[in-house]
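protein.txt follows (compact mmCIF, N, CA and C atoms):
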# COMPACT_ATOMS: atom_id res chain seq x y z
N MET A 1 0.84 -1.18 0.00
CA MET A 1 0.00 0.00 0.00
C MET A 1 0.89 1.25 0.00
N GLU A 2 0.63 2.14 -0.93
CA GLU A 2 1.42 3.35 -1.06
C GLU A 2 0.88 4.43 -0.14
N LYS A 3 1.78 5.11 0.55
CA LYS A 3 1.36 6.20 1.45
C LYS A 3 1.09 7.46 0.65
N ALA A 4 0.11 8.22 1.13
CA ALA A 4 -0.19 9.50 0.50
C ALA A 4 0.92 10.49 0.83
N PRO A 5 1.18 11.44 -0.05
CA PRO A 5 2.21 12.44 0.23
C PRO A 5 1.83 13.28 1.45
N TYR A 6 2.84 13.70 2.16
CA TYR A 6 2.62 14.53 3.35
C TYR A 6 2.13 15.91 2.92
N ILE A 7 1.06 16.36 3.54
CA ILE A 7 0.51 17.68 3.25
C ILE A 7 0.40 18.43 4.56
N ASP A 8 0.94 19.64 4.59
CA ASP A 8 0.85 20.46 5.79
C ASP A 8 -0.58 20.88 6.06
N LYS A 9 -0.94 20.85 7.32
CA LYS A 9 -2.25 21.32 7.78
C LYS A 9 -2.00 22.35 8.87
N LEU A 10 -2.79 23.36 8.91
CA LEU A 10 -2.69 24.38 9.95
C LEU A 10 -3.94 24.28 10.81
N ILE A 11 -3.74 24.15 12.10
CA ILE A 11 -4.84 24.07 13.05
C ILE A 11 -4.73 25.27 13.98
N ILE A 12 -5.81 26.02 14.06
CA ILE A 12 -5.86 27.21 14.90
C ILE A 12 -6.91 26.98 15.98
N VAL A 13 -6.51 27.13 17.23
CA VAL A 13 -7.44 27.07 18.36
C VAL A 13 -7.48 28.47 18.95
N MET A 14 -8.68 29.03 19.01
CA MET A 14 -8.80 30.43 19.41
C MET A 14 -9.84 30.61 20.51
N ASP A 15 -9.44 31.35 21.53
CA ASP A 15 -10.38 31.78 22.57
C ASP A 15 -11.22 32.92 22.01
N LEU A 16 -12.48 32.97 22.44
CA LEU A 16 -13.37 34.02 21.94
C LEU A 16 -13.67 35.10 22.98
N ASP A 17 -13.00 35.06 24.11
CA ASP A 17 -13.31 36.03 25.16
C ASP A 17 -13.09 37.46 24.67
N ARG A 18 -12.02 37.72 23.93
CA ARG A 18 -11.77 39.09 23.46
C ARG A 18 -12.71 39.46 22.31
N ALA A 19 -12.99 38.52 21.41
CA ALA A 19 -13.92 38.80 20.31
C ALA A 19 -15.32 39.08 20.84
N LYS A 20 -15.65 38.47 21.96
CA LYS A 20 -16.97 38.67 22.56
C LYS A 20 -17.13 40.10 23.09
N SER A 21 -16.04 40.66 23.59
CA SER A 21 -16.15 41.95 24.26
C SER A 21 -15.51 43.11 23.52
N ASP A 22 -14.86 42.86 22.39
CA ASP A 22 -14.13 43.91 21.69
C ASP A 22 -14.46 43.83 20.20
N ILE A 23 -15.12 44.83 19.68
CA ILE A 23 -15.56 44.84 18.29
C ILE A 23 -14.39 44.77 17.31
N SER A 24 -13.26 45.40 17.65
CA SER A 24 -12.10 45.33 16.74
C SER A 24 -11.53 43.91 16.69
N GLU A 25 -11.53 43.20 17.81
CA GLU A 25 -11.10 41.80 17.83
C GLU A 25 -12.05 40.93 17.00
N LEU A 26 -13.33 41.22 17.10
CA LEU A 26 -14.31 40.47 16.31
C LEU A 26 -14.09 40.70 14.82
N LYS A 27 -13.78 41.91 14.43
CA LYS A 27 -13.51 42.19 13.01
C LYS A 27 -12.26 41.45 12.52
N ILE A 28 -11.25 41.37 13.37
CA ILE A 28 -10.05 40.61 13.01
C ILE A 28 -10.40 39.13 12.84
N LEU A 29 -11.21 38.62 13.75
CA LEU A 29 -11.65 37.23 13.65
C LEU A 29 -12.44 37.00 12.36
N GLU A 30 -13.30 37.92 12.01
CA GLU A 30 -14.08 37.79 10.77
C GLU A 30 -13.16 37.73 9.56
N LYS A 31 -12.10 38.53 9.54
CA LYS A 31 -11.13 38.49 8.44
C LYS A 31 -10.42 37.14 8.40
N LEU A 32 -10.04 36.64 9.57
CA LEU A 32 -9.38 35.34 9.65
C LEU A 32 -10.30 34.25 9.11
N ILE A 33 -11.54 34.27 9.52
CA ILE A 33 -12.50 33.26 9.06
C ILE A 33 -12.69 33.35 7.54
N LYS A 34 -12.76 34.54 7.01
CA LYS A 34 -12.91 34.73 5.56
C LYS A 34 -11.71 34.10 4.84
N HIS A 35 -10.53 34.28 5.39
CA HIS A 35 -9.33 33.68 4.79
C HIS A 35 -9.37 32.16 4.89
N ILE A 36 -9.77 31.65 6.03
CA ILE A 36 -9.82 30.21 6.26
C ILE A 36 -10.81 29.53 5.31
N LYS A 37 -11.91 30.19 5.00
CA LYS A 37 -12.90 29.62 4.10
C LYS A 37 -12.31 29.29 2.73
N LYS A 38 -11.22 29.97 2.36
CA LYS A 38 -10.60 29.76 1.07
C LYS A 38 -9.66 28.55 1.03
N SER A 39 -9.36 27.99 2.19
CA SER A 39 -8.38 26.92 2.27
C SER A 39 -8.98 25.64 2.85
N LYS A 40 -8.58 24.51 2.29
CA LYS A 40 -9.00 23.21 2.83
C LYS A 40 -7.97 22.70 3.84
N ASP A 41 -6.82 23.39 3.94
CA ASP A 41 -5.74 22.92 4.80
C ASP A 41 -5.62 23.70 6.10
N ILE A 42 -6.59 24.54 6.39
CA ILE A 42 -6.61 25.29 7.65
C ILE A 42 -7.89 24.93 8.38
N HIS A 43 -7.76 24.60 9.65
CA HIS A 43 -8.91 24.23 10.48
C HIS A 43 -8.95 25.13 11.69
N LEU A 44 -10.12 25.69 11.95
CA LEU A 44 -10.30 26.64 13.04
C LEU A 44 -11.19 26.03 14.11
N PHE A 45 -10.71 26.08 15.35
CA PHE A 45 -11.48 25.62 16.50
C PHE A 45 -11.65 26.81 17.44
N LEU A 46 -12.90 27.04 17.85
CA LEU A 46 -13.24 28.21 18.65
C LEU A 46 -13.81 27.79 19.99
N THR A 47 -13.40 28.48 21.05
CA THR A 47 -13.90 28.20 22.38
C THR A 47 -14.25 29.51 23.07
N LEU A 48 -15.43 29.54 23.65
CA LEU A 48 -15.91 30.72 24.38
C LEU A 48 -16.14 30.30 25.83
N ASP A 49 -15.61 30.86 26.75
CA ASP A 49 -14.76 32.03 26.76
C ASP A 49 -13.32 31.70 26.38
N ASP A 50 -12.77 30.59 26.92
CA ASP A 50 -11.38 30.27 26.62
C ASP A 50 -11.12 28.77 26.68
N PHE A 51 -9.88 28.41 26.40
CA PHE A 51 -9.49 27.00 26.31
C PHE A 51 -9.75 26.24 27.61
N GLU A 52 -9.62 26.91 28.73
CA GLU A 52 -9.88 26.26 30.02
C GLU A 52 -11.33 25.79 30.13
N ASP A 53 -12.25 26.49 29.45
CA ASP A 53 -13.64 26.05 29.45
C ASP A 53 -13.77 24.70 28.75
N TRP A 54 -13.03 24.50 27.68
CA TRP A 54 -13.02 23.21 27.01
C TRP A 54 -12.45 22.14 27.94
N LEU A 55 -11.36 22.46 28.60
CA LEU A 55 -10.70 21.48 29.48
C LEU A 55 -11.54 21.11 30.69
N ARG A 56 -12.19 22.07 31.29
CA ARG A 56 -12.93 21.77 32.52
C ARG A 56 -14.12 20.83 32.27
N PHE A 57 -14.63 20.81 31.05
CA PHE A 57 -15.74 19.91 30.75
C PHE A 57 -15.27 18.49 30.42
N HIS A 58 -13.99 18.21 30.62
CA HIS A 58 -13.51 16.83 30.58
C HIS A 58 -13.98 16.08 31.83
N PHE A 59 -14.50 16.84 32.80
CA PHE A 59 -15.03 16.26 34.02
C PHE A 59 -16.55 16.37 34.00
N VAL A 60 -17.24 15.40 34.56
CA VAL A 60 -18.69 15.31 34.48
C VAL A 60 -19.41 16.19 35.48
N ASP A 61 -18.83 16.46 36.63
CA ASP A 61 -19.51 17.14 37.73
C ASP A 61 -19.90 18.57 37.35
N ASN A 62 -21.05 18.73 36.71
CA ASN A 62 -21.48 20.05 36.26
C ASN A 62 -21.98 20.94 37.38
N SER A 63 -22.34 20.36 38.53
CA SER A 63 -22.84 21.18 39.64
C SER A 63 -21.73 22.07 40.20
N LYS A 64 -20.49 21.63 40.10
CA LYS A 64 -19.36 22.41 40.62
C LYS A 64 -18.35 22.69 39.52
N ASN A 65 -18.80 22.62 38.29
CA ASN A 65 -17.88 22.73 37.17
C ASN A 65 -17.63 24.20 36.81
N ASN A 66 -16.74 24.81 37.56
CA ASN A 66 -16.30 26.15 37.22
C ASN A 66 -14.78 26.14 37.17
N LYS A 67 -14.19 27.21 36.69
CA LYS A 67 -12.74 27.22 36.51
C LYS A 67 -11.99 27.09 37.83
N THR A 68 -12.48 27.73 38.87
CA THR A 68 -11.81 27.64 40.17
C THR A 68 -11.73 26.19 40.63
N ASN A 69 -12.84 25.47 40.54
CA ASN A 69 -12.84 24.06 40.94
C ASN A 69 -11.99 23.20 40.00
N PHE A 70 -11.97 23.55 38.73
CA PHE A 70 -11.12 22.84 37.78
C PHE A 70 -9.65 22.98 38.17
N TYR A 71 -9.21 24.20 38.45
CA TYR A 71 -7.82 24.41 38.85
C TYR A 71 -7.50 23.64 40.13
N LYS A 72 -8.40 23.70 41.10
CA LYS A 72 -8.18 23.00 42.37
C LYS A 72 -8.13 21.48 42.16
N LYS A 73 -9.00 20.97 41.29
CA LYS A 73 -9.03 19.52 41.03
C LYS A 73 -7.68 19.04 40.50
N LEU A 74 -7.02 19.89 39.71
CA LEU A 74 -5.72 19.53 39.15
C LEU A 74 -4.56 19.90 40.09
N GLY A 75 -4.87 20.53 41.23
CA GLY A 75 -3.84 20.84 42.21
C GLY A 75 -3.23 22.23 42.08
N TYR A 76 -3.91 23.14 41.39
CA TYR A 76 -3.42 24.51 41.24
C TYR A 76 -4.27 25.45 42.08
N SER A 77 -3.64 26.46 42.65
CA SER A 77 -4.38 27.39 43.50
C SER A 77 -5.20 28.40 42.71
N ASP A 78 -4.76 28.71 41.49
CA ASP A 78 -5.48 29.70 40.68
C ASP A 78 -5.05 29.58 39.22
N SER A 79 -5.62 30.43 38.37
CA SER A 79 -5.33 30.35 36.93
C SER A 79 -3.87 30.69 36.63
N LYS A 80 -3.29 31.60 37.38
CA LYS A 80 -1.90 31.99 37.13
C LYS A 80 -0.97 30.79 37.33
N ASN A 81 -1.15 30.04 38.42
CA ASN A 81 -0.33 28.86 38.67
C ASN A 81 -0.60 27.78 37.63
N PHE A 82 -1.86 27.63 37.24
CA PHE A 82 -2.23 26.66 36.23
C PHE A 82 -1.53 26.97 34.91
N LYS A 83 -1.62 28.20 34.46
CA LYS A 83 -1.07 28.57 33.16
C LYS A 83 0.45 28.54 33.13
N SER A 84 1.09 28.67 34.29
CA SER A 84 2.55 28.64 34.31
C SER A 84 3.10 27.22 34.43
N SER A 85 2.22 26.24 34.63
CA SER A 85 2.70 24.87 34.84
C SER A 85 1.74 23.86 34.22
N THR A 86 1.67 23.85 32.90
CA THR A 86 0.72 22.95 32.24
C THR A 86 1.42 21.84 31.46
N ASN A 87 2.55 21.37 31.97
CA ASN A 87 3.23 20.26 31.31
C ASN A 87 2.37 19.01 31.40
N ASP A 88 2.24 18.32 30.28
CA ASP A 88 1.50 17.07 30.22
C ASP A 88 0.09 17.21 30.80
N LEU A 89 -0.57 18.25 30.39
CA LEU A 89 -1.88 18.60 30.94
C LEU A 89 -2.92 17.50 30.74
N TYR A 90 -2.92 16.88 29.57
CA TYR A 90 -3.93 15.86 29.32
C TYR A 90 -3.76 14.67 30.28
N SER A 91 -2.52 14.30 30.57
CA SER A 91 -2.28 13.22 31.55
C SER A 91 -2.79 13.63 32.93
N GLN A 92 -2.61 14.90 33.28
CA GLN A 92 -3.11 15.38 34.57
C GLN A 92 -4.63 15.23 34.64
N ILE A 93 -5.30 15.58 33.55
CA ILE A 93 -6.76 15.46 33.51
C ILE A 93 -7.19 14.00 33.61
N LEU A 94 -6.53 13.13 32.86
CA LEU A 94 -6.85 11.70 32.91
C LEU A 94 -6.63 11.13 34.31
N ASN A 95 -5.53 11.51 34.95
CA ASN A 95 -5.22 11.00 36.29
C ASN A 95 -6.23 11.44 37.34
N LYS A 96 -6.96 12.51 37.08
CA LYS A 96 -7.98 13.00 38.03
C LYS A 96 -9.38 12.55 37.64
N GLY A 97 -9.48 11.64 36.64
CA GLY A 97 -10.77 11.08 36.27
C GLY A 97 -11.48 11.78 35.13
N GLY A 98 -10.83 12.71 34.46
CA GLY A 98 -11.44 13.38 33.32
C GLY A 98 -11.15 12.65 32.03
N CYS A 99 -11.93 12.93 30.99
CA CYS A 99 -11.67 12.35 29.68
C CYS A 99 -12.29 13.22 28.59
N ILE A 100 -11.70 13.14 27.42
CA ILE A 100 -12.14 13.97 26.31
C ILE A 100 -13.58 13.66 25.90
N GLU A 101 -14.00 12.42 26.07
CA GLU A 101 -15.36 12.04 25.69
C GLU A 101 -16.40 12.87 26.45
N ASN A 102 -16.12 13.20 27.70
CA ASN A 102 -17.05 14.04 28.47
C ASN A 102 -17.22 15.41 27.82
N ALA A 103 -16.11 16.02 27.43
CA ALA A 103 -16.17 17.34 26.78
C ALA A 103 -16.85 17.25 25.42
N GLU A 104 -16.51 16.22 24.66
CA GLU A 104 -17.14 16.05 23.34
C GLU A 104 -18.65 15.91 23.49
N LYS A 105 -19.06 15.10 24.43
CA LYS A 105 -20.50 14.88 24.64
C LYS A 105 -21.20 16.17 25.08
N TYR A 106 -20.57 16.93 25.96
CA TYR A 106 -21.18 18.16 26.44
C TYR A 106 -21.33 19.19 25.32
N PHE A 107 -20.29 19.38 24.54
CA PHE A 107 -20.29 20.47 23.56
C PHE A 107 -20.91 20.13 22.20
N CYS A 108 -21.08 18.86 21.89
CA CYS A 108 -21.53 18.50 20.54
C CYS A 108 -22.91 19.05 20.20
N ASN A 109 -23.73 19.36 21.18
CA ASN A 109 -25.07 19.89 20.91
C ASN A 109 -25.21 21.38 21.21
N ILE A 110 -24.09 22.04 21.46
CA ILE A 110 -24.11 23.48 21.72
C ILE A 110 -23.52 24.17 20.50
N ALA A 111 -24.31 24.94 19.81
CA ALA A 111 -23.86 25.61 18.59
C ALA A 111 -22.81 26.67 18.91
N VAL A 112 -21.76 26.69 18.11
CA VAL A 112 -20.74 27.71 18.22
C VAL A 112 -21.15 28.87 17.32
N PHE A 113 -20.79 30.08 17.70
CA PHE A 113 -21.25 31.24 16.95
C PHE A 113 -20.79 31.23 15.50
N CYS A 114 -19.80 30.43 15.19
CA CYS A 114 -19.33 30.27 13.82
C CYS A 114 -19.54 28.82 13.44
N ASN A 115 -20.44 28.55 12.50
CA ASN A 115 -20.78 27.16 12.16
C ASN A 115 -19.75 26.53 11.22
N ASP A 116 -20.02 25.31 10.78
CA ASP A 116 -19.08 24.58 9.92
C ASP A 116 -18.78 25.31 8.61
N GLN A 117 -19.71 26.10 8.15
CA GLN A 117 -19.51 26.86 6.92
C GLN A 117 -18.88 28.23 7.19
N CYS A 118 -18.44 28.45 8.43
CA CYS A 118 -17.80 29.69 8.87
C CYS A 118 -18.74 30.89 8.77
N GLU A 119 -20.02 30.66 8.94
CA GLU A 119 -20.98 31.76 8.97
C GLU A 119 -21.13 32.20 10.42
N ILE A 120 -21.08 33.50 10.65
CA ILE A 120 -21.06 34.03 12.01
C ILE A 120 -22.44 34.47 12.45
N ASP A 121 -22.81 34.06 13.65
CA ASP A 121 -24.02 34.53 14.32
C ASP A 121 -23.56 35.33 15.53
N LYS A 122 -23.43 36.64 15.37
CA LYS A 122 -22.89 37.49 16.43
C LYS A 122 -23.76 37.47 17.69
N ASN A 123 -25.04 37.22 17.55
CA ASN A 123 -25.92 37.18 18.72
C ASN A 123 -25.56 36.03 19.66
N SER A 124 -25.03 34.95 19.13
CA SER A 124 -24.72 33.79 19.98
C SER A 124 -23.43 33.96 20.77
N LEU A 125 -22.69 35.05 20.55
CA LEU A 125 -21.50 35.32 21.35
C LEU A 125 -21.87 35.55 22.81
N ASN A 126 -23.09 35.92 23.07
CA ASN A 126 -23.52 36.16 24.44
C ASN A 126 -24.13 34.92 25.08
N ASN A 127 -24.18 33.82 24.35
CA ASN A 127 -24.75 32.59 24.87
C ASN A 127 -23.80 31.91 25.84
N LEU A 128 -24.18 30.74 26.28
CA LEU A 128 -23.39 29.97 27.23
C LEU A 128 -22.03 29.60 26.67
N THR A 129 -21.23 28.99 27.51
CA THR A 129 -19.93 28.47 27.11
C THR A 129 -20.11 27.58 25.88
N GLN A 130 -19.22 27.73 24.92
CA GLN A 130 -19.34 26.96 23.68
C GLN A 130 -17.95 26.61 23.15
N SER A 131 -17.86 25.52 22.43
CA SER A 131 -16.60 25.11 21.82
C SER A 131 -16.88 24.11 20.71
N ASN A 132 -16.11 24.21 19.64
CA ASN A 132 -16.22 23.19 18.60
C ASN A 132 -14.97 22.31 18.56
N LEU A 133 -14.23 22.28 19.66
CA LEU A 133 -13.06 21.41 19.74
C LEU A 133 -13.43 19.93 19.74
N TYR A 134 -14.71 19.61 19.90
CA TYR A 134 -15.11 18.21 19.82
C TYR A 134 -14.88 17.65 18.42
N TYR A 135 -14.69 18.49 17.42
CA TYR A 135 -14.35 18.04 16.07
C TYR A 135 -12.87 17.67 15.94
N PHE A 136 -12.05 18.09 16.89
CA PHE A 136 -10.61 17.94 16.76
C PHE A 136 -10.19 16.47 16.61
N ARG A 137 -10.70 15.61 17.47
CA ARG A 137 -10.32 14.19 17.40
C ARG A 137 -10.78 13.59 16.08
N LYS A 138 -11.97 13.94 15.64
CA LYS A 138 -12.48 13.44 14.36
C LYS A 138 -11.56 13.87 13.21
N LEU A 139 -11.08 15.10 13.27
CA LEU A 139 -10.15 15.60 12.25
C LEU A 139 -8.85 14.80 12.27
N LEU A 140 -8.31 14.55 13.45
CA LEU A 140 -7.07 13.76 13.54
C LEU A 140 -7.27 12.35 13.01
N GLU A 141 -8.40 11.76 13.36
CA GLU A 141 -8.69 10.41 12.87
C GLU A 141 -8.81 10.40 11.34
N GLN A 142 -9.41 11.44 10.80
CA GLN A 142 -9.57 11.55 9.34
C GLN A 142 -8.20 11.60 8.68
N TYR A 143 -7.28 12.39 9.23
CA TYR A 143 -5.96 12.52 8.62
C TYR A 143 -5.09 11.31 8.87
N ASN A 144 -5.35 10.57 9.91
CA ASN A 144 -4.58 9.37 10.20
C ASN A 144 -5.20 8.12 9.60
N GLY A 145 -6.33 8.27 8.90
CA GLY A 145 -6.97 7.15 8.24
C GLY A 145 -7.57 6.13 9.20
N ILE A 146 -7.98 6.59 10.36
CA ILE A 146 -8.57 5.68 11.36
C ILE A 146 -10.04 5.49 11.08

Encoding of this model in structure tokens:
Amino acid sequence: MEKAPYIDKLIIVMDLDRAKSDISELKILEKLIKHIKKSKDIHLFLTLDDFEDWLRFHFVDNSKNNKTNFYKKLGYSDSKNFKSSTNDLYSQILNKGGCIENAEKYFCNIAVFCNDQCEIDKNSLNNLTQSNLYYFRKLLEQYNGI
């Protein structure tokens, strides 16, 4: 079996906290999305408010699922300590009982303000926490032929 030639892919993971609150940031994001629509080799993943929101939903306990509890669960006193020491973060999450399937299940039915066709619904920026990172594993599997 012959292997397909290696093709570079660009994956962008972006927090939406600034785009949500700053019109100039939103305009920059709109330009980025317009550019991405032209390419099949660029993939954009968006998380509102930020990447930590995606990570904290790796745990099921939604009654106490806030960032403070997430940091404490992993042994950090606050976000500053967490962000300065995130070596092997996924292993840390797994060791505390979290898993990506929990986050995928939680977010798969929550629409992101930018859909698969990169069409923007600015009104949904004020909605609940959202992320389309649940597509990430599917994308990796697609490129790895799984």

- Message: Env of stretch 81-89 of chain A: 8 Å cut, atoms = only N, CA and C atoms, seq-sep filter 6 positions within chain, self excluded. Answer as number ranges by chain.
- Response: A: 71, 75, 95

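You will find atom N of A:Asp15 at 19.5 Å from atom C of A:Lys105.
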
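When atom C of A:Lys40 is paired with atom N of A:Cys99, their separation reads 29.1 Å.
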
Under the rule of at most 10 Å, produce a per-residue listing of stretch 26-124 of chain A near stretch 134-138 of chain A: chain, number, name, the closest pair of atoms, and the distance in Å, as CSV, using only C-alpha atoms.
residue,atom,partner,partner_atom,distance
A:His43,CA,A:Phe136,CA,9.0
A:Leu44,CA,A:Phe136,CA,9.5
A:Phe45,CA,A:Phe136,CA,7.7
A:Trp54,CA,A:Tyr134,CA,9.0
A:Ile100,CA,A:Tyr134,CA,8.3
A:Glu101,CA,A:Tyr134,CA,8.5
A:Asn102,CA,A:Tyr134,CA,9.8
A:Ala103,CA,A:Tyr134,CA,7.1
A:Glu104,CA,A:Tyr134,CA,4.6
A:Lys105,CA,A:Tyr134,CA,8.0
A:Tyr106,CA,A:Tyr134,CA,9.0
A:Phe107,CA,A:Tyr134,CA,6.8
A:Cys108,CA,A:Tyr134,CA,6.5

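Going from atom C of A:Thr129 to atom CA of A:Met14 covers 13.3 Å.
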
- Task: Could you please write out, as a list of chain:residue names, every residue of chain A that DSSP assigns to strand (DSSP E or B)?
- Result: A:Leu10, A:Ile11, A:Ile12, A:Val13, A:Met14, A:Asp15, A:Ile42, A:His43, A:Leu44, A:Phe45, A:Leu46, A:Thr47, A:Leu48, A:Cys114, A:Ile120, A:Gln130, A:Ser131

File dump, residues just selected, N, CA and C atoms, as a PDB file, in the frame of the given file:
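This went into out-v5.pdb:
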ATOM      1  N   LEU A  10      -2.790  23.360   8.910  1.00  0.00           N
ATOM      2  CA  LEU A  10      -2.690  24.380   9.950  1.00  0.00           C
ATOM      3  C   LEU A  10      -3.940  24.280  10.810  1.00  0.00           C
ATOM      4  N   ILE A  11      -3.740  24.150  12.100  1.00  0.00           N
ATOM      5  CA  ILE A  11      -4.840  24.070  13.050  1.00  0.00           C
ATOM      6  C   ILE A  11      -4.730  25.270  13.980  1.00  0.00           C
ATOM      7  N   ILE A  12      -5.810  26.020  14.060  1.00  0.00           N
ATOM      8  CA  ILE A  12      -5.860  27.210  14.900  1.00  0.00           C
ATOM      9  C   ILE A  12      -6.910  26.980  15.980  1.00  0.00           C
ATOM     10  N   VAL A  13      -6.510  27.130  17.230  1.00  0.00           N
ATOM     11  CA  VAL A  13      -7.440  27.070  18.360  1.00  0.00           C
ATOM     12  C   VAL A  13      -7.480  28.470  18.950  1.00  0.00           C
ATOM     13  N   MET A  14      -8.680  29.030  19.010  1.00  0.00           N
ATOM     14  CA  MET A  14      -8.800  30.430  19.410  1.00  0.00           C
ATOM     15  C   MET A  14      -9.840  30.610  20.510  1.00  0.00           C
ATOM     16  N   ASP A  15      -9.440  31.350  21.530  1.00  0.00           N
ATOM     17  CA  ASP A  15     -10.380  31.780  22.570  1.00  0.00           C
ATOM     18  C   ASP A  15     -11.220  32.920  22.010  1.00  0.00           C
ATOM     19  N   ILE A  42      -6.590  24.540   6.390  1.00  0.00           N
ATOM     20  CA  ILE A  42      -6.610  25.290   7.650  1.00  0.00           C
ATOM     21  C   ILE A  42      -7.890  24.930   8.380  1.00  0.00           C
ATOM     22  N   HIS A  43      -7.760  24.600   9.650  1.00  0.00           N
ATOM     23  CA  HIS A  43      -8.910  24.230  10.480  1.00  0.00           C
ATOM     24  C   HIS A  43      -8.950  25.130  11.690  1.00  0.00           C
ATOM     25  N   LEU A  44     -10.120  25.690  11.950  1.00  0.00           N
ATOM     26  CA  LEU A  44     -10.300  26.640  13.040  1.00  0.00           C
ATOM     27  C   LEU A  44     -11.190  26.030  14.110  1.00  0.00           C
ATOM     28  N   PHE A  45     -10.710  26.080  15.350  1.00  0.00           N
ATOM     29  CA  PHE A  45     -11.480  25.620  16.500  1.00  0.00           C
ATOM     30  C   PHE A  45     -11.650  26.810  17.440  1.00  0.00           C
ATOM     31  N   LEU A  46     -12.900  27.040  17.850  1.00  0.00           N
ATOM     32  CA  LEU A  46     -13.240  28.210  18.650  1.00  0.00           C
ATOM     33  C   LEU A  46     -13.810  27.790  19.990  1.00  0.00           C
ATOM     34  N   THR A  47     -13.400  28.480  21.050  1.00  0.00           N
ATOM     35  CA  THR A  47     -13.900  28.200  22.380  1.00  0.00           C
ATOM     36  C   THR A  47     -14.250  29.510  23.070  1.00  0.00           C
ATOM     37  N   LEU A  48     -15.430  29.540  23.650  1.00  0.00           N
ATOM     38  CA  LEU A  48     -15.910  30.720  24.380  1.00  0.00           C
ATOM     39  C   LEU A  48     -16.140  30.300  25.830  1.00  0.00           C
ATOM     40  N   CYS A 114     -19.800  30.430  15.190  1.00  0.00           N
ATOM     41  CA  CYS A 114     -19.330  30.270  13.820  1.00  0.00           C
ATOM     42  C   CYS A 114     -19.540  28.820  13.440  1.00  0.00           C
ATOM     43  N   ILE A 120     -21.080  33.500  10.650  1.00  0.00           N
ATOM     44  CA  ILE A 120     -21.060  34.030  12.010  1.00  0.00           C
ATOM     45  C   ILE A 120     -22.440  34.470  12.450  1.00  0.00           C
ATOM     46  N   GLN A 130     -19.220  27.730  24.920  1.00  0.00           N
ATOM     47  CA  GLN A 130     -19.340  26.960  23.680  1.00  0.00           C
ATOM     48  C   GLN A 130     -17.950  26.610  23.150  1.00  0.00           C
ATOM     49  N   SER A 131     -17.860  25.520  22.430  1.00  0.00           N
ATOM     50  CA  SER A 131     -16.600  25.110  21.820  1.00  0.00           C
ATOM     51  C   SER A 131     -16.880  24.110  20.710  1.00  0.00           C
TER      52      SER A 131
END

- Item | Which of stretch 57-110 of chain A DSSP labels alpha helix (DSSP H), written as a ChimeraX atom specification | /A:67-73,79-84,89-95,100-107

Any idea what's packed within 8 Å of A:Asn66, counting all atoms listed in the file, ignoring anything in its chain fewer than 5 positions away? Could you give it as a compact mmCIF listing (two decimals) with N, CA and C atoms, keeping the file's coordinate frame?
# COMPACT_ATOMS: atom_id res chain seq x y z
N GLU A 52 -9.62 26.91 28.73
CA GLU A 52 -9.88 26.26 30.02
C GLU A 52 -11.33 25.79 30.13
N ASP A 53 -12.25 26.49 29.45
CA ASP A 53 -13.64 26.05 29.45
C ASP A 53 -13.77 24.70 28.75
N ARG A 56 -12.19 22.07 31.29
CA ARG A 56 -12.93 21.77 32.52
C ARG A 56 -14.12 20.83 32.27
N PHE A 57 -14.63 20.81 31.05
CA PHE A 57 -15.74 19.91 30.75
C PHE A 57 -15.27 18.49 30.42
N ASP A 61 -18.83 16.46 36.63
CA ASP A 61 -19.51 17.14 37.73
C ASP A 61 -19.90 18.57 37.35
N TYR A 71 -9.21 24.20 38.45
CA TYR A 71 -7.82 24.41 38.85
C TYR A 71 -7.50 23.64 40.13
N LYS A 72 -8.40 23.70 41.10
CA LYS A 72 -8.18 23.00 42.37
C LYS A 72 -8.13 21.48 42.16

- Query: Of the candidates A:Ser39, A:Ser24, A:Gln92, A:Ser79, which one gets nearest to A:Lys67 if we count all atoms listed in the file?
  - Reply: A:Ser79

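Here the question is which of A:Ile36, A:Leu139, A:Leu133, A:Ile42 gets nearest to A:Ile110 using only C-alpha atoms, and that residue is A:Leu133.
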
- Note on the structure: Shortest contact to A:Leu46, candidates A:Ser124, A:Asn132, A:Thr68, A:Ser77, atoms counted only C-alpha atoms, goes to A:Asn132

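Using only C-alpha atoms, the nearest neighbour of A:Phe51 within the list A:Leu29, A:Leu74, A:Ile12, A:Ala111 is A:Ile12.
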
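When the distance limit is 7 Å and only C-alpha atoms are what count, the residues near A:Asp17, minus those fewer than 3 positions from it on the same chain, are Lys20, Ser21, Leu48, Asp49 and Asp50 of chain A.
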
Starting from the incomplete input, reconstruct N, CA, C and O atoms of stretch 12-16 of chain A and write that as a PDB file, keeping the file's coordinate frame.
ATOM      1  N   ILE A  12      -5.810  26.020  14.060  1.00  0.00           N
ATOM      2  CA  ILE A  12      -5.860  27.210  14.900  1.00  0.00           C
ATOM      3  C   ILE A  12      -6.910  26.980  15.980  1.00  0.00           C
ATOM      4  O   ILE A  12      -8.062  26.657  15.673  1.00  0.00           O
ATOM      5  N   VAL A  13      -6.510  27.130  17.230  1.00  0.00           N
ATOM      6  CA  VAL A  13      -7.440  27.070  18.360  1.00  0.00           C
ATOM      7  C   VAL A  13      -7.480  28.470  18.950  1.00  0.00           C
ATOM      8  O   VAL A  13      -6.450  29.025  19.312  1.00  0.00           O
ATOM      9  N   MET A  14      -8.680  29.030  19.010  1.00  0.00           N
ATOM     10  CA  MET A  14      -8.800  30.430  19.410  1.00  0.00           C
ATOM     11  C   MET A  14      -9.840  30.610  20.510  1.00  0.00           C
ATOM     12  O   MET A  14     -10.941  30.077  20.431  1.00  0.00           O
ATOM     13  N   ASP A  15      -9.440  31.350  21.530  1.00  0.00           N
ATOM     14  CA  ASP A  15     -10.380  31.780  22.570  1.00  0.00           C
ATOM     15  C   ASP A  15     -11.220  32.920  22.010  1.00  0.00           C
ATOM     16  O   ASP A  15     -10.734  33.740  21.232  1.00  0.00           O
ATOM     17  N   LEU A  16     -12.480  32.970  22.440  1.00  0.00           N
ATOM     18  CA  LEU A  16     -13.370  34.020  21.940  1.00  0.00           C
ATOM     19  C   LEU A  16     -13.670  35.100  22.980  1.00  0.00           C
ATOM     20  O   LEU A  16     -14.503  35.960  22.728  1.00  0.00           O
TER      21      LEU A  16
END
